[in-house]
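Next comes data29.tsv, with TSV, C-alpha atoms.
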```tsv
chain	number	residue	atom	x	y	z
A	1	MET	CA	241.49	128.79	86.37
A	2	ARG	CA	241.62	132.43	87.32
A	3	ILE	CA	241.40	134.86	84.43
A	4	ALA	CA	241.96	138.58	85.01
A	5	VAL	CA	240.63	140.99	82.41
A	6	LEU	CA	242.31	144.37	82.42
A	7	SER	CA	242.96	147.51	80.42
A	8	GLY	CA	244.75	150.80	80.86
A	9	LYS	CA	241.61	152.88	80.80
A	10	GLY	CA	237.87	152.60	81.31
A	11	GLY	CA	235.46	151.85	78.49
A	12	THR	CA	237.66	149.49	76.47
A	13	GLY	CA	235.46	146.44	77.12
A	14	LYS	CA	236.73	144.73	80.29
A	15	THR	CA	233.22	144.20	81.58
A	16	LEU	CA	231.86	143.18	78.17
A	17	ILE	CA	234.51	140.49	77.88
A	18	SER	CA	234.59	139.21	81.45
A	19	VAL	CA	230.79	139.12	81.77
A	20	ASN	CA	230.35	137.29	78.48
A	21	LEU	CA	233.18	134.83	79.15
A	22	ALA	CA	231.56	133.98	82.48
A	23	ALA	CA	228.19	133.63	80.76
A	24	VAL	CA	229.44	131.07	78.22
A	25	SER	CA	231.44	129.10	80.80
A	26	LYS	CA	229.43	126.18	82.20
A	27	GLU	CA	229.75	127.23	85.80
A	28	ALA	CA	231.66	130.34	86.65
A	29	ILE	CA	232.48	132.93	89.26
A	30	TYR	CA	232.48	136.51	88.11
A	31	ILE	CA	234.27	138.96	90.41
A	32	ASP	CA	233.87	142.67	89.85
A	33	CYS	CA	237.01	144.35	91.21
A	34	ASP	CA	236.17	147.73	89.69
A	35	VAL	CA	235.06	148.77	93.17
A	36	GLU	CA	234.80	152.48	92.42
A	37	GLU	CA	232.11	151.87	89.83
A	38	PRO	CA	231.23	148.19	89.56
A	39	ASN	CA	228.83	147.52	86.71
A	40	GLY	CA	228.98	143.77	86.01
A	41	HIS	CA	225.96	143.27	88.29
A	42	LEU	CA	223.90	145.48	85.97
A	43	PHE	CA	224.31	142.78	83.31
A	44	PHE	CA	223.92	139.72	85.53
A	45	LYS	CA	221.14	141.13	87.73
A	46	PRO	CA	222.08	138.60	90.41
A	47	GLU	CA	219.51	137.15	92.80
A	48	ASN	CA	219.71	135.85	96.38
A	49	LEU	CA	221.94	138.74	97.31
A	50	ALA	CA	224.02	138.72	100.44
A	51	ALA	CA	226.34	141.50	101.57
A	52	GLU	CA	229.26	141.75	103.94
A	53	TYR	CA	230.74	144.97	105.29
A	54	ILE	CA	234.44	145.54	104.75
A	55	SER	CA	236.31	147.64	107.26
A	56	VAL	CA	239.79	148.99	107.75
A	57	LYS	CA	241.57	150.07	110.91
A	58	ILE	CA	242.16	153.75	111.53
A	59	PRO	CA	243.79	155.45	114.53
A	60	LEU	CA	241.89	156.67	117.54
A	61	VAL	CA	243.64	159.02	119.97
A	62	ASP	CA	243.43	159.24	123.72
A	63	ASN	CA	244.21	162.92	124.23
A	64	GLU	CA	244.87	162.28	127.94
A	65	LEU	CA	247.86	160.15	127.01
A	66	CYS	CA	249.07	162.16	123.98
A	67	ASN	CA	251.96	164.46	124.90
A	68	GLY	CA	252.23	166.17	121.52
A	69	CYS	CA	255.53	164.64	120.43
A	70	ARG	CA	254.20	164.47	116.84
A	71	ILE	CA	256.12	161.32	115.95
A	72	CYS	CA	252.91	160.01	114.39
A	73	ALA	CA	252.29	163.15	112.32
A	74	VAL	CA	255.87	163.22	111.03
A	75	PHE	CA	255.73	159.51	110.20
A	76	CYS	CA	252.48	159.66	108.21
A	77	GLN	CA	253.24	159.90	104.48
A	78	TYR	CA	249.66	160.99	103.81
A	79	ASN	CA	249.62	163.66	106.52
A	80	ALA	CA	246.51	162.24	108.12
A	81	LEU	CA	247.47	163.63	111.54
A	82	ALA	CA	248.02	167.17	112.81
A	83	TYR	CA	248.70	168.45	116.32
A	84	ILE	CA	246.78	171.65	116.98
A	85	ASN	CA	245.99	173.43	120.24
A	86	GLN	CA	247.29	170.55	122.34
A	87	LYS	CA	245.05	168.11	120.54
A	88	LEU	CA	245.74	165.51	117.88
A	89	LEU	CA	243.49	165.85	114.85
A	90	ILE	CA	242.98	162.71	112.74
A	91	PHE	CA	241.73	162.91	109.17
A	92	ASP	CA	240.00	159.57	108.63
A	93	ASP	CA	239.49	160.08	104.90
A	94	VAL	CA	243.19	160.67	104.29
A	95	CYS	CA	244.40	157.69	106.36
A	96	HIS	CA	245.61	154.69	104.35
A	97	SER	CA	245.40	152.31	107.35
A	98	CYS	CA	249.07	151.38	107.47
A	99	GLY	CA	249.01	151.31	111.28
A	100	GLY	CA	252.41	153.01	111.54
A	101	CYS	CA	251.25	155.84	113.79
A	102	VAL	CA	249.94	153.34	116.35
A	103	LEU	CA	253.21	151.37	116.30
A	104	PHE	CA	255.40	154.44	116.69
A	105	CYS	CA	253.46	156.27	119.41
A	106	PRO	CA	255.80	156.19	122.45
A	107	GLU	CA	252.96	157.10	124.82
A	108	LYS	CA	250.59	154.37	123.58
A	109	ALA	CA	248.08	157.15	123.06
A	110	LEU	CA	246.86	155.73	119.75
A	111	ALA	CA	244.59	152.73	119.38
A	112	GLU	CA	242.82	151.36	116.33
A	113	LYS	CA	239.15	151.49	115.50
A	114	GLU	CA	237.23	149.88	112.66
A	115	LYS	CA	235.87	151.99	109.83
A	116	ASN	CA	233.56	150.60	107.16
A	117	ILE	CA	234.72	151.43	103.64
A	118	GLY	CA	232.30	149.42	101.52
A	119	ILE	CA	230.74	146.02	100.96
A	120	VAL	CA	231.22	142.76	99.13
A	121	GLN	CA	227.95	141.63	97.61
A	122	SER	CA	227.30	138.18	96.21
A	123	GLY	CA	224.45	136.56	94.36
A	124	THR	CA	223.66	134.26	91.47
A	125	SER	CA	222.66	134.68	87.86
A	126	GLY	CA	221.95	131.34	86.20
A	127	LEU	CA	225.06	129.25	86.78
A	128	VAL	CA	227.23	132.29	87.40
A	129	HIS	CA	228.12	133.28	90.93
A	130	VAL	CA	228.41	137.06	90.88
A	131	ILE	CA	230.61	138.77	93.46
A	132	THR	CA	230.80	142.54	93.50
A	133	GLY	CA	233.07	144.81	95.49
A	134	ILE	CA	231.59	148.23	96.24
A	135	LEU	CA	233.74	150.98	97.73
A	136	ASP	CA	232.01	153.86	99.53
A	137	THR	CA	232.31	157.19	97.74
A	138	GLY	CA	235.26	159.28	98.94
A	139	GLU	CA	237.30	156.41	100.40
A	140	ALA	CA	241.04	156.54	99.70
A	141	SER	CA	241.66	152.98	98.58
A	142	GLY	CA	239.67	149.95	97.46
A	143	VAL	CA	242.57	147.55	98.04
A	144	PRO	CA	241.11	146.07	101.27
A	145	ILE	CA	237.93	145.20	99.35
A	146	ILE	CA	239.93	143.51	96.56
A	147	LYS	CA	241.84	141.51	99.19
A	148	LYS	CA	238.54	140.26	100.58
A	149	LEU	CA	237.21	139.46	97.09
A	150	MET	CA	240.31	137.40	96.32
A	151	GLN	CA	240.20	135.59	99.66
A	152	ASN	CA	236.65	134.47	98.90
A	153	ALA	CA	237.46	133.28	95.39
A	154	PRO	CA	238.06	129.51	95.20
A	155	ALA	CA	241.47	128.50	93.86
A	156	GLY	CA	240.29	125.16	92.43
A	157	GLN	CA	239.04	124.06	89.05
A	158	GLU	CA	236.21	126.57	88.73
A	159	ASP	CA	236.39	129.26	86.10
A	160	VAL	CA	236.95	132.58	87.84
A	161	PHE	CA	236.74	135.79	85.83
A	162	ILE	CA	238.18	138.88	87.44
A	163	ASP	CA	236.89	142.15	86.02
A	164	CYS	CA	239.70	144.53	87.00
A	165	PRO	CA	239.58	148.27	87.66
A	166	PRO	CA	241.02	150.40	84.85
A	167	GLY	CA	244.67	151.44	84.96
A	168	SER	CA	247.78	149.79	86.34
A	169	ASP	CA	248.04	150.99	89.94
A	170	CYS	CA	247.93	149.20	93.33
A	171	ILE	CA	244.32	148.17	93.08
A	172	VAL	CA	244.91	146.49	89.70
A	173	MET	CA	248.05	144.76	91.01
A	174	GLU	CA	245.99	143.37	93.87
A	175	SER	CA	243.36	142.16	91.39
A	176	ILE	CA	245.78	140.26	89.10
A	177	LYS	CA	248.15	139.01	91.80
A	178	ASP	CA	246.69	135.49	91.95
A	179	ALA	CA	245.52	135.24	88.33
A	180	ASP	CA	246.66	132.34	86.14
A	181	TYR	CA	246.26	134.37	82.99
A	182	CYS	CA	245.67	138.00	82.06
A	183	VAL	CA	243.52	139.16	79.17
A	184	LEU	CA	244.53	142.64	78.01
A	185	VAL	CA	241.69	144.46	76.32
A	186	ALA	CA	242.67	147.13	73.80
A	187	GLU	CA	241.06	149.58	71.42
A	188	PRO	CA	242.35	150.14	67.87
A	189	THR	CA	243.56	153.71	68.46
A	190	LEU	CA	246.85	155.39	69.41
A	191	PHE	CA	245.32	156.22	72.78
A	192	GLY	CA	244.40	152.54	73.02
A	193	VAL	CA	248.03	151.62	72.40
A	194	HIS	CA	249.18	153.92	75.18
A	195	ASN	CA	246.79	152.21	77.59
A	196	LEU	CA	247.70	148.75	76.33
A	197	LYS	CA	251.35	149.51	77.01
A	198	MET	CA	250.55	150.39	80.64
A	199	VAL	CA	248.92	147.05	81.37
A	200	HIS	CA	251.41	145.14	79.24
A	201	ASP	CA	254.25	146.57	81.34
A	202	LEU	CA	252.33	145.56	84.46
A	203	VAL	CA	251.69	141.92	83.49
A	204	ARG	CA	255.32	141.53	82.42
A	205	LEU	CA	256.43	142.92	85.77
A	206	PHE	CA	254.21	140.32	87.45
A	207	ARG	CA	255.40	137.62	84.99
A	208	LYS	CA	251.83	136.72	84.16
A	209	PRO	CA	251.01	134.77	81.02
A	210	HIS	CA	248.87	137.06	78.92
A	211	GLY	CA	247.21	137.69	75.60
A	212	ALA	CA	245.30	140.53	74.01
A	213	VAL	CA	241.70	140.87	72.94
A	214	LEU	CA	241.22	143.67	70.45
A	215	ASN	CA	237.83	145.28	70.86
A	216	LYS	CA	235.88	147.60	68.55
A	217	CYS	CA	237.89	146.37	65.57
A	218	LEU	CA	237.48	148.20	62.27
A	219	GLU	CA	238.77	147.48	58.77
A	220	GLY	CA	242.20	148.88	58.00
A	221	TYR	CA	245.23	149.81	60.06
A	222	ASP	CA	245.01	148.88	63.74
A	223	PRO	CA	247.77	150.42	65.87
A	224	ALA	CA	246.90	148.11	68.79
A	225	ALA	CA	247.39	145.03	66.57
A	226	GLN	CA	250.68	146.54	65.41
A	227	TYR	CA	251.79	147.04	69.02
A	228	CYS	CA	250.96	143.40	69.79
A	229	GLU	CA	252.93	142.24	66.78
A	230	ASP	CA	255.92	144.44	67.66
A	231	HIS	CA	255.98	143.23	71.26
A	232	GLY	CA	255.15	139.57	70.78
A	233	ILE	CA	251.76	139.72	72.46
A	234	ARG	CA	249.48	136.96	71.22
A	235	ILE	CA	246.13	138.24	69.99
A	236	ILE	CA	243.60	135.73	71.28
A	237	GLY	CA	240.48	137.41	70.00
A	238	ARG	CA	239.02	140.23	67.97
A	239	ILE	CA	235.62	141.72	68.64
A	240	PRO	CA	234.20	143.76	65.80
A	241	PHE	CA	232.92	147.32	66.10
A	242	ASP	CA	229.36	146.15	65.84
A	243	HIS	CA	226.16	148.12	66.15
A	244	ASP	CA	224.03	145.23	67.45
A	245	LEU	CA	226.60	144.21	70.04
A	246	GLY	CA	226.85	147.83	71.18
A	247	THR	CA	223.07	148.07	71.47
A	248	LEU	CA	222.75	144.88	73.52
A	249	ASN	CA	225.59	145.96	75.76
A	250	SER	CA	224.29	149.48	76.34
A	251	ASN	CA	220.93	147.98	77.31
A	252	ALA	CA	222.75	145.98	80.01
A	253	LEU	CA	222.04	142.69	78.25
A	254	ILE	CA	224.56	139.87	78.09
A	255	ALA	CA	225.21	139.47	74.37
A	256	ALA	CA	226.19	135.81	74.65
A	257	ARG	CA	222.90	135.00	76.36
A	258	GLU	CA	220.80	136.95	73.85
A	259	ASN	CA	222.23	136.07	70.48
A	260	GLY	CA	223.73	132.88	69.03
A	261	LYS	CA	226.26	134.79	66.94
A	262	TYR	CA	227.80	136.42	69.99
A	263	ARG	CA	227.55	133.21	72.01
A	264	GLU	CA	229.77	131.73	69.32
A	265	VAL	CA	232.23	134.66	69.50
A	266	PHE	CA	232.67	134.36	73.26
A	267	THR	CA	232.61	130.56	73.34
A	268	SER	CA	235.52	130.44	70.92
A	269	LEU	CA	237.30	133.17	72.89
A	270	LEU	CA	236.84	131.13	76.07
A	271	GLN	CA	238.18	128.05	74.28
A	272	LYS	CA	241.21	130.07	73.22
A	273	VAL	CA	241.74	131.29	76.78
A	274	ARG	CA	241.60	127.71	78.10
A	275	GLU	CA	244.24	126.62	75.59
A	276	GLU	CA	246.42	129.56	76.56
A	277	VAL	CA	246.11	128.73	80.25
A	278	GLN	CA	247.02	125.11	79.57
A	279	ASP	CA	250.02	126.15	77.48
A	280	ALA	CA	251.15	128.52	80.20
A	281	ALA	CA	250.79	125.79	82.84
A	282	ALA	CA	252.79	123.35	80.65
A	283	ILE	CA	255.58	125.88	80.18
A	284	ASP	CA	255.55	126.56	83.91
A	285	PHE	CA	255.75	122.81	84.61
A	286	LYS	CA	258.78	122.43	82.31
A	287	ARG	CA	260.63	125.09	84.29
B	1	MET	CA	250.14	190.16	114.61
B	2	LYS	CA	251.65	187.49	112.40
B	3	ILE	CA	250.09	186.63	109.07
B	4	VAL	CA	251.05	183.99	106.48
B	5	LEU	CA	250.86	184.12	102.69
B	6	PRO	CA	251.69	181.30	100.22
B	7	ALA	CA	254.50	182.39	97.87
B	8	ASN	CA	255.98	181.15	94.61
B	9	GLU	CA	259.28	182.95	95.15
B	10	ARG	CA	261.13	184.57	98.02
B	11	SER	CA	260.20	188.08	96.97
B	12	MET	CA	257.67	190.58	98.32
B	13	GLU	CA	257.14	191.99	94.84
B	14	LYS	CA	256.13	188.64	93.39
B	15	GLY	CA	252.59	187.29	93.26
B	16	ILE	CA	250.83	185.14	95.79
B	17	SER	CA	250.82	181.37	95.04
B	18	VAL	CA	247.58	179.99	93.56
B	19	SER	CA	247.93	176.90	95.74
B	20	PHE	CA	248.05	176.91	99.52
B	21	GLY	CA	249.05	173.32	100.33
B	22	ARG	CA	251.59	173.02	97.53
B	23	ALA	CA	253.02	176.54	97.52
B	24	PRO	CA	256.84	176.33	97.54
B	25	TYR	CA	257.22	178.97	100.29
B	26	PHE	CA	255.30	180.78	102.95
B	27	LEU	CA	255.86	184.41	103.84
B	28	VAL	CA	255.46	184.88	107.58
B	29	TYR	CA	254.87	188.59	108.08
B	30	ASP	CA	254.59	190.50	111.33
B	31	THR	CA	252.24	193.46	110.85
B	32	ASP	CA	253.56	195.16	114.01
B	33	THR	CA	257.27	195.11	113.21
B	34	GLN	CA	256.60	195.13	109.43
B	35	GLU	CA	259.13	192.38	108.98
B	36	GLY	CA	258.71	189.20	107.03
B	37	VAL	CA	260.59	185.93	106.62
B	38	PHE	CA	260.16	183.30	103.94
B	39	ILE	CA	260.03	179.71	105.06
B	40	GLU	CA	259.93	176.58	102.93
B	41	ASN	CA	256.68	174.67	102.73
B	42	ASN	CA	257.79	171.13	103.49
B	43	ALA	CA	254.32	169.87	102.51
B	44	ALA	CA	254.72	170.93	98.87
B	45	LYS	CA	255.96	167.55	97.70
B	46	SER	CA	253.75	165.36	99.88
B	47	GLN	CA	252.09	162.33	98.31
B	48	GLY	CA	248.83	163.37	99.88
B	49	GLY	CA	247.40	165.53	102.62
B	50	ALA	CA	249.57	168.50	101.64
B	51	GLY	CA	246.94	170.93	102.89
B	52	ILE	CA	246.93	169.37	106.36
B	53	LYS	CA	250.70	169.50	106.69
B	54	ALA	CA	250.91	173.03	105.26
B	55	ALA	CA	248.24	174.17	107.71
B	56	GLN	CA	250.22	172.59	110.55
B	57	THR	CA	253.22	174.67	109.44
B	58	VAL	CA	251.10	177.84	109.47
B	59	VAL	CA	249.77	177.02	112.95
B	60	ASP	CA	253.32	176.42	114.21
B	61	THR	CA	254.40	179.93	113.12
B	62	GLY	CA	251.95	181.37	115.63
B	63	ALA	CA	250.13	183.29	112.90
B	64	LYS	CA	246.61	184.59	113.48
B	65	ALA	CA	245.63	184.92	109.81
B	66	LEU	CA	246.24	183.27	106.46
B	67	LEU	CA	245.87	185.19	103.18
B	68	THR	CA	245.24	182.77	100.31
B	69	PRO	CA	243.39	182.59	96.99
B	70	ARG	CA	241.85	179.25	98.02
B	71	CYS	CA	241.93	176.61	100.68
B	72	GLY	CA	240.79	172.97	100.90
B	73	GLU	CA	238.50	171.69	103.61
B	74	ASN	CA	241.06	169.57	105.51
B	75	ALA	CA	243.45	172.52	105.71
B	76	ALA	CA	240.56	174.76	106.76
B	77	ASP	CA	239.69	172.31	109.57
B	78	VAL	CA	243.25	172.49	110.91
B	79	LEU	CA	243.30	176.29	110.72
B	80	LYS	CA	239.88	176.53	112.35
B	81	ALA	CA	241.02	174.32	115.23
B	82	ALA	CA	243.83	176.83	115.79
B	83	ASN	CA	241.47	179.84	115.47
B	84	ILE	CA	243.31	181.18	112.44
B	85	GLU	CA	241.22	183.40	110.16
B	86	ILE	CA	241.43	182.70	106.43
B	87	TYR	CA	241.25	185.76	104.18
B	88	GLN	CA	240.64	185.76	100.46
B	89	SER	CA	243.74	187.22	98.79
B	90	ILE	CA	243.61	189.47	95.72
B	91	ASN	CA	245.56	189.34	92.49
B	92	GLY	CA	248.90	191.06	92.75
B	93	SER	CA	252.07	190.93	94.78
B	94	LEU	CA	252.54	189.76	98.34
B	95	GLU	CA	253.25	193.41	99.28
B	96	ASN	CA	250.03	194.51	97.73
B	97	ASN	CA	248.07	191.85	99.61
B	98	ILE	CA	249.62	192.86	102.91
B	99	SER	CA	248.81	196.56	102.43
B	100	THR	CA	245.24	195.70	101.44
B	101	PHE	CA	244.96	193.47	104.51
B	102	ASN	CA	246.31	196.25	106.72
B	103	LYS	CA	243.62	198.59	105.40
B	104	GLY	CA	241.05	195.99	106.44
B	105	GLU	CA	239.91	195.50	102.86
B	106	LEU	CA	240.36	191.73	102.50
B	107	LYS	CA	237.29	189.56	102.90
B	108	ILE	CA	237.07	186.30	104.84
B	109	LEU	CA	237.43	183.38	102.42
B	110	SER	CA	233.89	182.13	102.04
B	111	GLU	CA	234.41	179.25	99.64
B	112	ILE	CA	236.31	176.25	100.98
B	113	HIS	CA	236.85	173.70	98.22
B	114	ALA	CA	236.56	169.95	98.77
B	115	GLY	CA	240.27	169.45	98.09
B	116	PHE	CA	242.11	167.91	95.16
B	117	HIS	CA	243.35	164.85	97.07
B	118	GLY	CA	246.41	164.10	94.98
B	119	LYS	CA	244.64	164.97	91.76
B	120	GLY	CA	246.49	168.26	91.24
B	121	GLY	CA	244.43	171.37	90.63
B	122	GLU	CA	246.71	174.06	89.27
```

Would you put the structure from the file into structure tokens?
Amino acid sequence: MRIAVLSGKGGTGKTLISVNLAAVSKEAIYIDCDVEEPNGHLFFKPENLAAEYISVKIPLVDNELCNGCRICAVFCQYNALAYINQKLLIFDDVCHSCGGCVLFCPEKALAEKEKNIGIVQSGTSGLVHVITGILDTGEASGVPIIKKLMQNAPAGQEDVFIDCPPGSDCIVMESIKDADYCVLVAEPTLFGVHNLKMVHDLVRLFRKPHGAVLNKCLEGYDPAAQYCEDHGIRIIGRIPFDHDLGTLNSNALIAARENGKYREVFTSLLQKVREEVQDAAAIDFKR
Amino acid sequence: MKIVLPANERSMEKGISVSFGRAPYFLVYDTDTQEGVFIENNAAKSQGGAGIKAAQTVVDTGAKALLTPRCGENAADVLKAANIEIYQSINGSLENNISTFNKGELKILSEIHAGFHGKGGE
């Protein structure tokens, strides 16, 4: 089963939850899709590392053939091309690799060249296979890296935990696209509700079965729990606002591997997730 | 010689725009004939790369200088390729900037920022 863990902003606990779920699963694949600042590997400290470069295609001009018609520059929605002093200037960092300029060039003056944008690194930590996407600083989009990460992920019986980037934009869509179930992580604040709404809208748009895990729970009124109740989101777990858990986590230790109490918390959360996935599959089958 | 200034409104008495790439208008001013025309900046609403497109517009006017409070590095690269000088504008109206430029009192813009890349700025 493929479980995506997402939230509307950073720091809610996506990595805490996906890392610990993977750690309590018998054999698991943990995929860090937060390619702008992946941190799951800091917890797993994977060994036997292997890396693969990921590249995109960007335009390359032959100024001998270019006649300055500017069809490419007008076409480009990101304005990655300019025609100055009888020469085409290409801004590699602005290019989103759509390939449109190459297709539209009537003089065939544009070709494509490869540009590295980051790496996919894989290794092992106990029985967990840890795969990390790392985007080079300054690159426009991590989507090509996510695509590669998802291609490599097996679609069989293994437990796959996808630690998504924060937010609800293209890169998150790419990360949840093939997920069987989405875990929405939320904080018990009004700001947390705002961010929960963003990802809730997204998973509904994608018609993904989903449930919420409320993190940093305190006694008393919880606006995130209220939002879940009002919108029919099942709360599949609550993680307390806990000093010891915070300490373990901020020391880059995997709580479920260090402490029986937390192993219990995440084992029962994993059990709950499995039940939810089975329910979702049964409902899907009935359709 | 033609010079270009980013403008918020089509008025010589109004202030210079704080943004180059996303200024609504450009004033194209000819210092010889002392005549100016306002043109729309079609880069203002771009998803990204507004500075590049705006700089292309400036180059296409045939201007030799740009007067602006700030400029991103991609736009500066385009302007440099066209040998357009970038001058640091002063607070005050477009008129005021032009007269200061004519007196030779504007400095070359020394600080080129890394660009906002769709993240706004002001």

Spatial neighbours of Lys177 of chain A, max dist 12 Å, all atoms listed in the file, sep filter under 6 positions, as a VMD selection string | chain A and resid 2 to 4 143 146 to 147 150 to 151 162 164 170 to 171 202 to 203 205 to 209

Could you pull the residues within 12 Å of segment 78-85 of chain B, counting only C-alpha atoms, minus those fewer than 5 positions along the same chain, as a VMD selection string?
-> (chain A and resid 79 to 91) or (chain B and resid 1 to 4 49 to 68 71 to 73 106 to 110 112)

Expected residue set, 8 Å radius at (230.3, 146.7, 105.8), all atoms listed in the file, as a count of residues only = 10

May I have the protein, DNA and RNA residues with an atom at most 8 Å from (244.6, 183.4, 99.2), counting all atoms listed in the file in the file's coordinates, returned as JSON, numbers by chain?
-> {"B": [5, 6, 16, 17, 18, 20, 66, 67, 68, 69, 70, 71, 86, 87, 88, 89, 90, 109]}

For segment 33-40 of chain B, please output as JSON, numbers by chain all residues within 8 Å (counting only C-alpha atoms; exclusion window: fewer than 6 positions along the same chain).
-> {"B": [10, 24, 25, 26, 27]}

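Remark: for Leu21 of chain A, the closest of the candidate residues A:Val128, A:Glu276, A:Ser141, A:Leu149 is A:Val128 (distances computed over only C-alpha atoms).
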
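Atom CA of Val5 of chain A is positioned 14.8 Å from atom CA of Asp201 of chain A.
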
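Residue nearest chain B within the list A:Cys76, A:Ile235, A:Leu196, A:Ala155: A:Cys76 [criterion: smallest interatomic distance, only C-alpha atoms].
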
Enclose segment 39-55 of chain B, meaning all of its atoms listed in the file, in a box aligned along x, y and z, pad it by 6 Å on each side, and list the centre and edge lengths in Å to one decimal, as lines of an AutoDock Vina configuration file.
```
center_x = 253.5
center_y = 171.0
center_z = 102.7
size_x = 25.1
size_y = 29.4
size_z = 22.0
```

May I ask for the distance between atom CA of Leu253 of chain A and atom CA of Lys272 of chain A, given in Å to one decimal place?
-> 23.5 Å

Neighbouring residues of Gly100 of chain A were defined as those with any atom within 9 Å, considering all atoms listed in the file; residues of the same chain fewer than 3 positions away were excluded. Please report them as a PDB file with C-alpha atoms, in the frame of the given file.
```
ATOM      1  CA  CYS A  72     252.910 160.010 114.390  1.00  0.00           C
ATOM      2  CA  PHE A  75     255.730 159.510 110.200  1.00  0.00           C
ATOM      3  CA  CYS A  76     252.480 159.660 108.210  1.00  0.00           C
ATOM      4  CA  SER A  97     245.400 152.310 107.350  1.00  0.00           C
ATOM      5  CA  LEU A 103     253.210 151.370 116.300  1.00  0.00           C
ATOM      6  CA  PHE A 104     255.400 154.440 116.690  1.00  0.00           C
ATOM      7  CA  CYS A 105     253.460 156.270 119.410  1.00  0.00           C
TER       8      CYS A 105
END
```
